[in-house]
>>> print(open('protein19.txt').read())   # compact mmCIF, C-alpha atoms (C1' of nucleotides)
# COMPACT_ATOMS: atom_id res chain seq x y z
CA MET N 696 -51.43 16.23 206.22
CA GLU N 697 -51.64 16.38 210.00
CA SER N 698 -52.68 19.62 211.64
CA ASP N 699 -49.41 19.95 213.55
CA LEU N 700 -47.46 20.12 210.30
CA VAL N 701 -50.09 22.43 208.83
CA ILE N 702 -49.62 24.80 211.76
CA ARG N 703 -45.86 24.74 211.32
CA ALA N 704 -46.21 25.43 207.60
CA LEU N 705 -48.63 28.31 208.15
CA GLY N 706 -46.38 29.74 210.85
CA ALA N 707 -43.38 29.42 208.58
CA LEU N 708 -45.08 31.49 205.87
CA ALA N 709 -46.49 34.02 208.34
CA GLN N 710 -43.39 36.17 208.38
CA GLU N 711 -42.32 38.91 206.01
CA HIS N 712 -38.86 37.62 205.14
CA ARG N 713 -39.89 33.98 204.99
CA LEU N 714 -42.89 34.62 202.77
CA ALA N 715 -40.67 36.68 200.48
CA ALA N 716 -37.98 33.98 200.45
CA PHE N 717 -40.49 31.26 199.69
CA ARG N 718 -41.97 33.28 196.84
CA LEU N 719 -38.51 33.73 195.34
CA LEU N 720 -37.86 30.00 195.64
CA VAL N 721 -41.19 29.18 194.00
CA GLN N 722 -40.28 31.48 191.13
CA ALA N 723 -36.78 30.06 190.92
CA GLY N 724 -38.08 26.57 190.27
CA PRO N 725 -36.39 23.23 191.05
CA GLY N 726 -32.96 24.77 190.49
CA GLY N 727 -33.44 26.78 193.67
CA LEU N 728 -31.30 29.58 195.06
CA ALA N 729 -28.29 29.74 197.36
CA ALA N 730 -28.71 30.99 200.92
CA GLY N 731 -26.42 33.91 200.18
CA ALA N 732 -28.38 34.91 197.11
CA LEU N 733 -31.58 34.97 199.14
CA ALA N 734 -29.96 36.97 201.94
CA GLU N 735 -28.72 39.52 199.45
CA ALA N 736 -32.00 39.71 197.56
CA LEU N 737 -33.91 40.34 200.77
CA ALA N 738 -31.26 42.53 202.40
CA VAL N 739 -31.18 40.33 205.48
CA PRO N 740 -28.00 39.40 207.42
CA PRO N 741 -26.74 35.86 206.72
CA SER N 742 -27.42 34.62 210.23
CA SER N 743 -30.98 35.88 210.13
CA MET N 744 -31.55 34.37 206.70
CA SER N 745 -30.23 31.08 207.97
CA PHE N 746 -32.67 31.21 210.88
CA HIS N 747 -35.62 31.77 208.58
CA LEU N 748 -34.55 29.11 206.09
CA ALA N 749 -34.33 26.66 208.98
CA GLN N 750 -37.94 27.44 209.89
CA LEU N 751 -39.12 26.84 206.34
CA THR N 752 -37.10 23.63 206.18
CA ASN N 753 -38.49 22.42 209.50
CA ALA N 754 -41.99 23.04 208.17
CA GLY N 755 -41.14 20.89 205.18
CA LEU N 756 -41.78 23.69 202.70
CA ILE N 757 -38.28 23.81 201.26
CA THR N 758 -35.40 21.41 200.77
CA GLN N 759 -31.69 22.01 200.91
CA ARG N 760 -28.70 20.52 199.13
CA ARG N 761 -25.06 21.43 199.18
CA GLN N 762 -23.42 22.44 195.94
CA SER N 763 -19.79 23.23 196.44
CA ARG N 764 -19.52 25.93 199.05
CA SER N 765 -23.11 27.02 198.66
CA ILE N 766 -26.24 25.51 200.10
CA ILE N 767 -29.04 25.61 197.62
CA TYR N 768 -32.64 25.86 198.79
CA ALA N 769 -35.60 24.90 196.67
CA ALA N 770 -39.36 25.06 197.16
CA ASP N 771 -41.08 21.74 197.82
CA TYR N 772 -44.12 22.00 195.58
CA THR N 773 -45.61 18.81 196.93
CA ALA N 774 -45.57 20.11 200.50
CA MET N 775 -47.18 23.35 199.38
CA GLY N 776 -49.75 21.34 197.46
CA ASP N 777 -50.51 19.31 200.57
CA LEU N 778 -50.97 22.51 202.55
CA MET N 779 -53.32 23.86 199.90
CA GLY N 780 -55.18 20.58 199.98
CA TYR N 781 -55.62 20.73 203.73
CA LEU N 782 -56.89 24.30 203.59
CA THR N 783 -59.24 23.47 200.75
CA GLU N 784 -60.69 20.49 202.58
CA ASN N 785 -60.83 21.93 206.08
CA CYS N 786 -61.03 25.69 205.80
CA CYS N 787 -63.02 26.18 202.60
CA ASN N 788 -66.54 24.92 202.75
CA GLY N 789 -66.38 22.12 200.21
CA ALA N 790 -63.89 24.00 198.03
CA ALA N 791 -66.12 27.05 197.73
CA CYS N 792 -63.10 29.25 198.47
CA VAL N 793 -61.04 27.67 195.73
CA ALA N 794 -63.72 27.58 193.07
CA ASP N 795 -63.80 31.36 192.78
CA THR N 796 -60.07 31.53 192.33
CA VAL N 797 -59.60 28.42 190.28
CA SER N 798 -62.32 29.36 187.85
CA THR N 799 -60.24 32.35 186.80
CA LEU N 800 -57.24 30.14 186.08
CA PRO N 801 -56.64 27.75 183.19
CA LEU N 802 -57.47 24.67 185.26
CA ALA N 803 -60.22 23.29 183.10
CA SER N 804 -58.20 20.17 182.52
CA SER N 805 -57.84 19.40 186.22
CA CYS N 806 -61.57 19.75 186.70
CA ALA N 807 -62.32 17.53 183.75
CA GLN N 808 -60.43 14.70 185.40
CA ALA N 809 -61.96 15.30 188.82
CA ASP N 810 -63.77 11.97 188.62
CA VAL N 811 -60.52 10.07 189.14
CA MET V 1045 -54.65 40.89 198.74
CA GLU V 1046 -51.61 42.69 200.12
CA SER V 1047 -48.85 40.65 201.66
CA ASP V 1048 -49.25 42.32 205.06
CA LEU V 1049 -52.81 41.05 205.33
CA VAL V 1050 -51.72 37.67 203.99
CA ILE V 1051 -49.11 37.44 206.75
CA ARG V 1052 -51.68 38.33 209.39
CA ALA V 1053 -54.10 35.73 208.00
CA LEU V 1054 -51.44 33.01 207.90
CA GLY V 1055 -50.33 33.92 211.42
CA ALA V 1056 -53.91 33.83 212.63
CA LEU V 1057 -54.36 30.28 211.35
CA ALA V 1058 -50.95 29.13 212.59
CA GLN V 1059 -52.13 28.29 216.08
CA GLU V 1060 -53.78 25.15 217.35
CA HIS V 1061 -56.86 26.72 218.95
CA ARG V 1062 -57.39 29.28 216.22
CA LEU V 1063 -57.11 26.76 213.40
CA ALA V 1064 -59.58 24.51 215.23
CA ALA V 1065 -61.96 27.42 215.84
CA PHE V 1066 -61.80 28.52 212.22
CA ARG V 1067 -62.49 24.98 211.03
CA LEU V 1068 -65.56 24.82 213.27
CA LEU V 1069 -66.77 28.16 211.94
CA VAL V 1070 -66.26 27.03 208.34
CA GLN V 1071 -68.31 23.93 209.07
CA ALA V 1072 -70.95 25.95 210.90
CA GLY V 1073 -71.64 28.06 207.85
CA PRO V 1074 -73.02 31.63 207.69
CA GLY V 1075 -75.03 31.04 210.87
CA GLY V 1076 -71.79 30.98 212.82
CA LEU V 1077 -71.20 30.03 216.44
CA ALA V 1078 -71.22 31.92 219.72
CA ALA V 1079 -67.92 32.64 221.49
CA GLY V 1080 -69.02 30.54 224.42
CA ALA V 1081 -69.90 27.58 222.22
CA LEU V 1082 -66.43 27.72 220.65
CA ALA V 1083 -64.73 28.01 224.04
CA GLU V 1084 -66.62 25.01 225.30
CA ALA V 1085 -66.04 22.95 222.17
CA LEU V 1086 -62.31 23.60 222.34
CA ALA V 1087 -62.04 23.43 226.14
CA VAL V 1088 -60.38 26.84 226.28
CA PRO V 1089 -61.04 29.49 228.97
CA PRO V 1090 -63.35 32.31 227.81
CA SER V 1091 -60.66 34.97 228.04
CA SER V 1092 -58.26 32.92 225.93
CA MET V 1093 -60.95 32.17 223.37
CA SER V 1094 -61.72 35.87 223.18
CA PHE V 1095 -58.06 36.61 222.56
CA HIS V 1096 -57.86 34.13 219.72
CA LEU V 1097 -61.12 35.26 218.15
CA ALA V 1098 -59.78 38.81 218.19
CA GLN V 1099 -56.72 37.65 216.25
CA LEU V 1100 -58.86 35.95 213.61
CA THR V 1101 -61.08 39.02 213.40
CA ASN V 1102 -58.10 41.33 213.04
CA ALA V 1103 -56.85 39.16 210.19
CA GLY V 1104 -60.23 39.56 208.53
CA LEU V 1105 -60.92 35.82 208.49
CA ILE V 1106 -64.05 35.96 210.64
CA THR V 1107 -66.81 38.45 211.36
CA GLN V 1108 -68.71 39.06 214.55
CA ARG V 1109 -72.23 40.16 215.34
CA ARG V 1110 -74.09 40.44 218.59
CA GLN V 1111 -77.22 38.41 219.05
CA SER V 1112 -78.77 39.06 222.39
CA ARG V 1113 -76.19 38.30 225.06
CA SER V 1114 -74.05 36.22 222.73
CA ILE V 1115 -71.54 37.33 220.17
CA ILE V 1116 -71.72 35.19 217.10
CA TYR V 1117 -68.64 34.60 214.98
CA ALA V 1118 -68.77 33.42 211.39
CA ALA V 1119 -66.13 32.51 208.83
CA ASP V 1120 -65.56 35.04 206.06
CA TYR V 1121 -65.36 32.81 203.01
CA THR V 1122 -64.38 35.67 200.76
CA ALA V 1123 -61.34 36.48 202.89
CA MET V 1124 -60.32 32.84 202.93
CA GLY V 1125 -60.80 32.71 199.17
CA ASP V 1126 -58.59 35.75 198.76
CA LEU V 1127 -55.90 34.09 200.87
CA MET V 1128 -56.13 30.94 198.76
CA GLY V 1129 -55.92 33.09 195.66
CA TYR V 1130 -52.79 34.81 196.88
CA LEU V 1131 -51.12 31.52 197.76
CA THR V 1132 -52.11 30.01 194.44
CA GLU V 1133 -50.72 32.93 192.49
CA ASN V 1134 -47.59 33.60 194.52
CA CYS V 1135 -46.62 30.37 196.21
CA CYS V 1136 -47.71 27.74 193.71
CA ASN V 1137 -45.91 27.79 190.43
CA GLY V 1138 -48.78 28.70 188.11
CA ALA V 1139 -51.37 26.81 190.17
CA ALA V 1140 -49.49 23.52 189.93
CA CYS V 1141 -49.93 23.01 193.68
CA VAL V 1142 -53.70 23.25 193.49
CA ALA V 1143 -54.23 21.15 190.40
CA ASP V 1144 -52.64 18.05 191.93
CA THR V 1145 -54.76 18.26 195.05
CA VAL V 1146 -58.04 19.28 193.49
CA SER V 1147 -57.95 16.52 190.95
CA THR V 1148 -58.02 13.95 193.76
CA LEU V 1149 -61.11 15.40 195.40
CA PRO V 1150 -64.80 15.02 194.49
CA LEU V 1151 -65.02 18.55 193.22
CA ALA V 1152 -66.80 17.82 189.99
CA SER V 1153 -69.83 19.80 191.17
CA SER V 1154 -67.90 22.88 192.22
CA CYS V 1155 -66.02 22.83 188.94
CA ALA V 1156 -69.19 22.39 186.94
CA GLN V 1157 -70.60 25.61 188.37
CA ALA V 1158 -67.33 27.43 188.27
CA ASP V 1159 -68.62 29.54 185.41
CA VAL V 1160 -71.02 31.38 187.73
C1' DT L 54 -83.39 48.01 239.50
C1' DT L 55 -81.53 43.56 240.57
C1' DG L 56 -79.57 39.32 239.34
C1' DA L 57 -77.97 36.12 236.02
C1' DT L 58 -75.66 35.27 231.70
C1' DA L 59 -72.21 36.07 227.88
C1' DT L 60 -68.13 38.14 226.54
C1' DT L 61 -64.36 41.16 226.65
C1' DT L 62 -60.61 43.72 228.74
C1' DT L 63 -56.99 44.12 232.00
C1' DC L 64 -52.98 42.48 234.03
C1' DA L 65 -49.14 39.70 235.26
C1' DT L 66 -46.48 36.00 233.72
C1' DA L 67 -44.50 32.56 230.75
C1' DT L 68 -43.20 31.16 226.35
C1' DT L 69 -41.91 31.65 221.76
C1' DT L 70 -39.98 34.21 218.04
C1' DA L 71 -36.86 37.61 215.77
C1' DT L 72 -32.45 39.98 215.28
C1' DC L 73 -27.66 40.16 214.38
C1' DG L 74 -22.60 40.23 215.67
C1' DA L 75 -19.09 36.96 216.61
C1' DA L 76 -17.33 32.40 216.58
C1' DT L 77 -17.49 27.90 214.24
C1' DT L 78 -17.89 24.47 210.49
C1' DA L 79 -17.44 23.03 205.63
C1' DT L 80 -15.49 23.44 200.96
C1' DT L 81 -12.36 24.76 197.42
C1' DG L 82 -8.27 26.66 194.97
C1' DG L 83 -3.46 27.54 195.20
C1' DC I 369 -1.64 23.22 204.72
C1' DC I 370 -3.36 27.94 204.22
C1' DA I 371 -6.30 31.61 202.92
C1' DA I 372 -10.72 32.79 201.10
C1' DT I 373 -15.56 31.94 200.61
C1' DA I 374 -20.29 30.34 202.12
C1' DA I 375 -23.29 29.04 205.75
C1' DT I 376 -24.55 27.81 210.19
C1' DT I 377 -24.56 27.88 215.21
C1' DC I 378 -24.03 30.39 219.47
C1' DG I 379 -25.33 33.86 222.64
C1' DA I 380 -27.35 37.88 224.29
C1' DT I 381 -31.24 40.86 223.77
C1' DA I 382 -35.54 42.60 222.21
C1' DA I 383 -40.15 41.98 220.79
C1' DA I 384 -44.28 39.54 220.00
C1' DT I 385 -47.58 35.89 221.52
C1' DA I 386 -50.08 32.85 224.68
C1' DT I 387 -52.31 31.93 229.08
C1' DG I 388 -55.82 32.40 232.48
C1' DA I 389 -57.70 34.56 236.75
C1' DA I 390 -60.10 38.65 238.07
C1' DA I 391 -62.56 42.82 237.00
C1' DA I 392 -65.37 45.40 233.77
C1' DT I 393 -68.99 45.74 230.15
C1' DA I 394 -73.32 44.57 227.78
C1' DT I 395 -77.81 42.29 227.54
C1' DC I 396 -81.98 40.53 229.13
C1' DA I 397 -85.72 38.83 232.13
C1' DA I 398 -88.29 39.43 236.14
>>> encode(input="protein19.txt", output="C-alpha cells")
Amino acid sequence: MESDLVIRALGALAQEHRLAAFRLLVQAGPGGLAAGALAEALAVPPSSMSFHLAQLTNAGLITQRRQSRSIIYAADYTAMGDLMGYLTENCCNGAACVADTVSTLPLASSCAQADV
Amino acid sequence: MESDLVIRALGALAQEHRLAAFRLLVQAGPGGLAAGALAEALAVPPSSMSFHLAQLTNAGLITQRRQSRSIIYAADYTAMGDLMGYLTENCCNGAACVADTVSTLPLASSCAQADV
DNA sequence: TTGATATTTTCATATTTATCGAATTATTGG
DNA sequence: CCAATAATTCGATAAATATGAAAATATCAA
C-alpha cells in the first residue's frame, strides 16, 4: 500500500461522522447499508452524508452498488486490512504494537501459520 | 481509547510530513530524535516541523523531552498500540483485517512471546 | 553577560475541509 | 409519461489546517 493511499485512508477515518459510518458498515457486513439508512442513523443531512461517503469511497475503504433506488455502501475489508498492514509494518516497531492487542484476541491460529 | 482521541490520532497521521516523521520516530526507538534532525531529514522548515510535532504530541502519539538545547521526540508505542486495538475491535470485523496481514509477515517471534 | 544554537510561537496567507439548502439525476410503480 | 422516492451535485459559507518568514524563548559555553 502506497503512503499516498494510506494518508487518504487515515484522513477519511479521521472524522466523527465518517468513522461512525465506517463502523456501522463494518458491523453490517458484506450486505452493507443504504446511504439513506446511514444518514438517518447518524442524524446527518443527505447531502452531508453523501459528501462523507464519497471521501471514504475515494480512499478505497468502502464500495458502492446501486440496488433499485438505493445506493448500498459496504466496507472493503481488504482495504482496511491493507491499511492495518501498513501501520503494523511502518508505525509499529516490528509489530510490537499489534502483539499486545492481538495476544488478547483469539488469533492463535493466524500466528501458528505465520511461517507461510 | 475514546473515539475523540482516535480521531485526533488518525488525523495526526493523515499528513505526509507527520506520517513520515512518525515513521522515523518509530524506527529511532525510545532514544527518539531531535526536532532539528527531523526537520532536516524531511526538508521541512523548523517552524513547520514544530507545528506538525505539536499535532502528533496533542494526539498523544509522541512524547517530548528536553535534552540540553534540543527537544527530543519519541514515538509512544503504547498510544499506537491503543489505536491499533481500537481499529481492530471497531473497524475490522472481529480482527479479520489483521489476521490476513499478520499471517503474511515474519511475526513468528512476536507471536511466540505474545503470552508475556 | 554575550553570542551562538535549537526550538517554538506569532502572524499573515493560502489551501483544504465541512456543512447544508436547493437543484439535478436516476429509478420505480401506477 | 407522471409523481414519488433515493442520492448526488452545485454553490455559498464557515471553519479548520498548512505554510514559512520573523520574532521570541530557552540553553549552554566562554
>>> interface_residues(input="protein19.txt", of="chain V", to="chain L", cutoff="12 Å", atoms="all atoms listed in the file", output="ChimeraX atom specification")
/V:1078-1081,1083,1089-1098,1110-1116
>>> calpha_fit_rmsd(input="protein19.txt", fixed="chain V", moving="chain N")
1.8 Å
>>> closest_residue(input="protein19.txt", among="V:Ala1072, V:Val1088, V:Leu1057, V:Met1045", to="chain I", atoms="all atoms listed in the file")
V:Val1088
>>> residues_near_point(input="protein19.txt", point="(-67.1, 40.3, 213.0)", cutoff="10 Å", atoms="only C-alpha atoms (C1' of nucleotides)", output="ChimeraX atom specification")
/V:1097-1098,1100-1102,1104-1110,1115-1120
>>> residues_around(input="protein19.txt", residues="Cys1136 in chain V", least_positions_apart="4", cutoff="9 Å", atoms="only C-alpha atoms (C1' of nucleotides)", output="mmCIF file with C-alpha atoms, in the frame of the given file")
data_model
loop_
_atom_site.group_PDB
_atom_site.id
_atom_site.type_symbol
_atom_site.label_atom_id
_atom_site.label_comp_id
_atom_site.auth_asym_id
_atom_site.auth_seq_id
_atom_site.Cartn_x
_atom_site.Cartn_y
_atom_site.Cartn_z
ATOM 1 C CA ARG N 718 -41.970 33.280 196.840
ATOM 2 C CA VAL N 721 -41.190 29.180 194.000
ATOM 3 C CA GLN N 722 -40.280 31.480 191.130
ATOM 4 C CA TYR N 772 -44.120 22.000 195.580
ATOM 5 C CA MET N 775 -47.180 23.350 199.380
ATOM 6 C CA GLY N 776 -49.750 21.340 197.460
ATOM 7 C CA LEU V 1131 -51.120 31.520 197.760
ATOM 8 C CA THR V 1132 -52.110 30.010 194.440
ATOM 9 C CA ALA V 1140 -49.490 23.520 189.930
ATOM 10 C CA CYS V 1141 -49.930 23.010 193.680
ATOM 11 C CA VAL V 1142 -53.700 23.250 193.490
#
>>> closest_residue(input="protein19.txt", among="V:Gln1059, V:Ser1047, V:Asn1134, V:Thr1122", to="chain I", atoms="all atoms listed in the file")
V:Gln1059
>>> interface_residues(input="protein19.txt", of="chain I", to="chain N", cutoff="9 Å", atoms="only C-alpha atoms (C1' of nucleotides)", output="number ranges by chain")
I: 373-377
>>> atom_distance(input="protein19.txt", atom1="CA of Asp1048 in chain V", atom2="CA of Leu733 in chain N")
20.0 Å
>>> axis_aligned_box(input="protein19.txt", around="range 71-75 of chain L", padding_each_side="4 Å", output="AutoDock Vina command-line options")
--center_x -28.0 --center_y 38.6 --center_z 215.5 --size_x 25.8 --size_y 11.3 --size_z 10.2
>>> atom_distance(input="protein19.txt", atom1="CA of Asn788 in chain N", atom2="CA of Arg1062 in chain V")
16.9 Å
>>> atom_distance(input="protein19.txt", atom1="CA of Glu735 in chain N", atom2="CA of Ala716 in chain N")
10.8 Å
>>> closest_atom_pairs(input="protein19.txt", of="range 696-801 of chain N", to="range 1049-1052 of chain V", cutoff="12 Å", atoms="only C-alpha atoms", output="tab-separated table")
residue	atom	partner	partner_atom	distance
N:Leu705	CA	V:Ile1051	CA	9.2
N:Gly706	CA	V:Ile1051	CA	9.1
N:Ala707	CA	V:Ile1051	CA	10.0
N:Leu708	CA	V:Ile1051	CA	7.2
N:Ala709	CA	V:Ile1051	CA	4.6
N:Gln710	CA	V:Ile1051	CA	6.1
N:Glu711	CA	V:Ile1051	CA	7.0
N:His712	CA	V:Ile1051	CA	10.4
N:Arg713	CA	V:Ile1051	CA	10.0
N:Leu714	CA	V:Ile1051	CA	7.9
N:Ala715	CA	V:Ile1051	CA	10.5
>>> closest_residue(input="protein19.txt", among="V:Gly1076, V:Glu1046, V:Gln1099, V:Phe1066", to="chain N", atoms="only C-alpha atoms")
V:Phe1066
>>> build_atoms(input="protein19.txt", residues="range 1112-1135 of chain V", atoms="N, CA and C atoms", output="short mmCIF file (atom, residue, chain, number, x, y, z; two decimals), in the frame of the given file")
data_model
loop_
_atom_site.label_atom_id
_atom_site.label_comp_id
_atom_site.auth_asym_id
_atom_site.auth_seq_id
_atom_site.Cartn_x
_atom_site.Cartn_y
_atom_site.Cartn_z
N SER V 1112 -78.39 39.12 220.98
CA SER V 1112 -78.77 39.06 222.39
C SER V 1112 -77.51 39.12 223.24
N ARG V 1113 -77.37 38.24 224.20
CA ARG V 1113 -76.19 38.30 225.06
C ARG V 1113 -74.96 37.67 224.42
N SER V 1114 -75.17 36.92 223.36
CA SER V 1114 -74.05 36.22 222.73
C SER V 1114 -73.43 37.03 221.60
N ILE V 1115 -72.17 36.74 221.34
CA ILE V 1115 -71.54 37.33 220.17
C ILE V 1115 -71.24 36.16 219.24
N ILE V 1116 -71.82 36.27 218.07
CA ILE V 1116 -71.72 35.19 217.10
C ILE V 1116 -70.60 35.46 216.11
N TYR V 1117 -69.74 34.48 215.94
CA TYR V 1117 -68.64 34.60 214.98
C TYR V 1117 -68.95 33.72 213.78
N ALA V 1118 -68.54 34.19 212.61
CA ALA V 1118 -68.77 33.42 211.39
C ALA V 1118 -67.56 33.55 210.47
N ALA V 1119 -67.26 32.50 209.76
CA ALA V 1119 -66.13 32.51 208.83
C ALA V 1119 -66.43 33.44 207.67
N ASP V 1120 -65.42 34.17 207.23
CA ASP V 1120 -65.56 35.04 206.06
C ASP V 1120 -64.96 34.28 204.88
N TYR V 1121 -65.83 33.64 204.12
CA TYR V 1121 -65.36 32.81 203.01
C TYR V 1121 -64.63 33.60 201.94
N THR V 1122 -65.05 34.85 201.77
CA THR V 1122 -64.38 35.67 200.76
C THR V 1122 -62.92 35.91 201.14
N ALA V 1123 -62.70 36.23 202.43
CA ALA V 1123 -61.34 36.48 202.89
C ALA V 1123 -60.48 35.23 202.72
N MET V 1124 -61.07 34.09 203.07
CA MET V 1124 -60.32 32.84 202.93
C MET V 1124 -60.03 32.58 201.45
N GLY V 1125 -61.00 32.89 200.61
CA GLY V 1125 -60.80 32.71 199.17
C GLY V 1125 -59.69 33.61 198.65
N ASP V 1126 -59.64 34.84 199.18
CA ASP V 1126 -58.59 35.75 198.76
C ASP V 1126 -57.22 35.21 199.17
N LEU V 1127 -57.17 34.66 200.38
CA LEU V 1127 -55.90 34.09 200.87
C LEU V 1127 -55.48 32.94 199.96
N MET V 1128 -56.44 32.07 199.65
CA MET V 1128 -56.13 30.94 198.76
C MET V 1128 -55.67 31.46 197.40
N GLY V 1129 -56.30 32.51 196.94
CA GLY V 1129 -55.92 33.09 195.66
C GLY V 1129 -54.50 33.61 195.68
N TYR V 1130 -54.15 34.28 196.77
CA TYR V 1130 -52.79 34.81 196.88
C TYR V 1130 -51.77 33.68 196.88
N LEU V 1131 -52.06 32.65 197.67
CA LEU V 1131 -51.12 31.52 197.76
C LEU V 1131 -51.00 30.81 196.41
N THR V 1132 -52.13 30.68 195.73
CA THR V 1132 -52.11 30.01 194.44
C THR V 1132 -51.26 30.79 193.44
N GLU V 1133 -51.45 32.10 193.45
CA GLU V 1133 -50.72 32.93 192.49
C GLU V 1133 -49.24 33.10 192.83
N ASN V 1134 -48.96 33.25 194.13
CA ASN V 1134 -47.59 33.60 194.52
C ASN V 1134 -46.75 32.47 195.07
N CYS V 1135 -47.38 31.43 195.58
CA CYS V 1135 -46.62 30.37 196.21
C CYS V 1135 -46.78 29.02 195.54
#
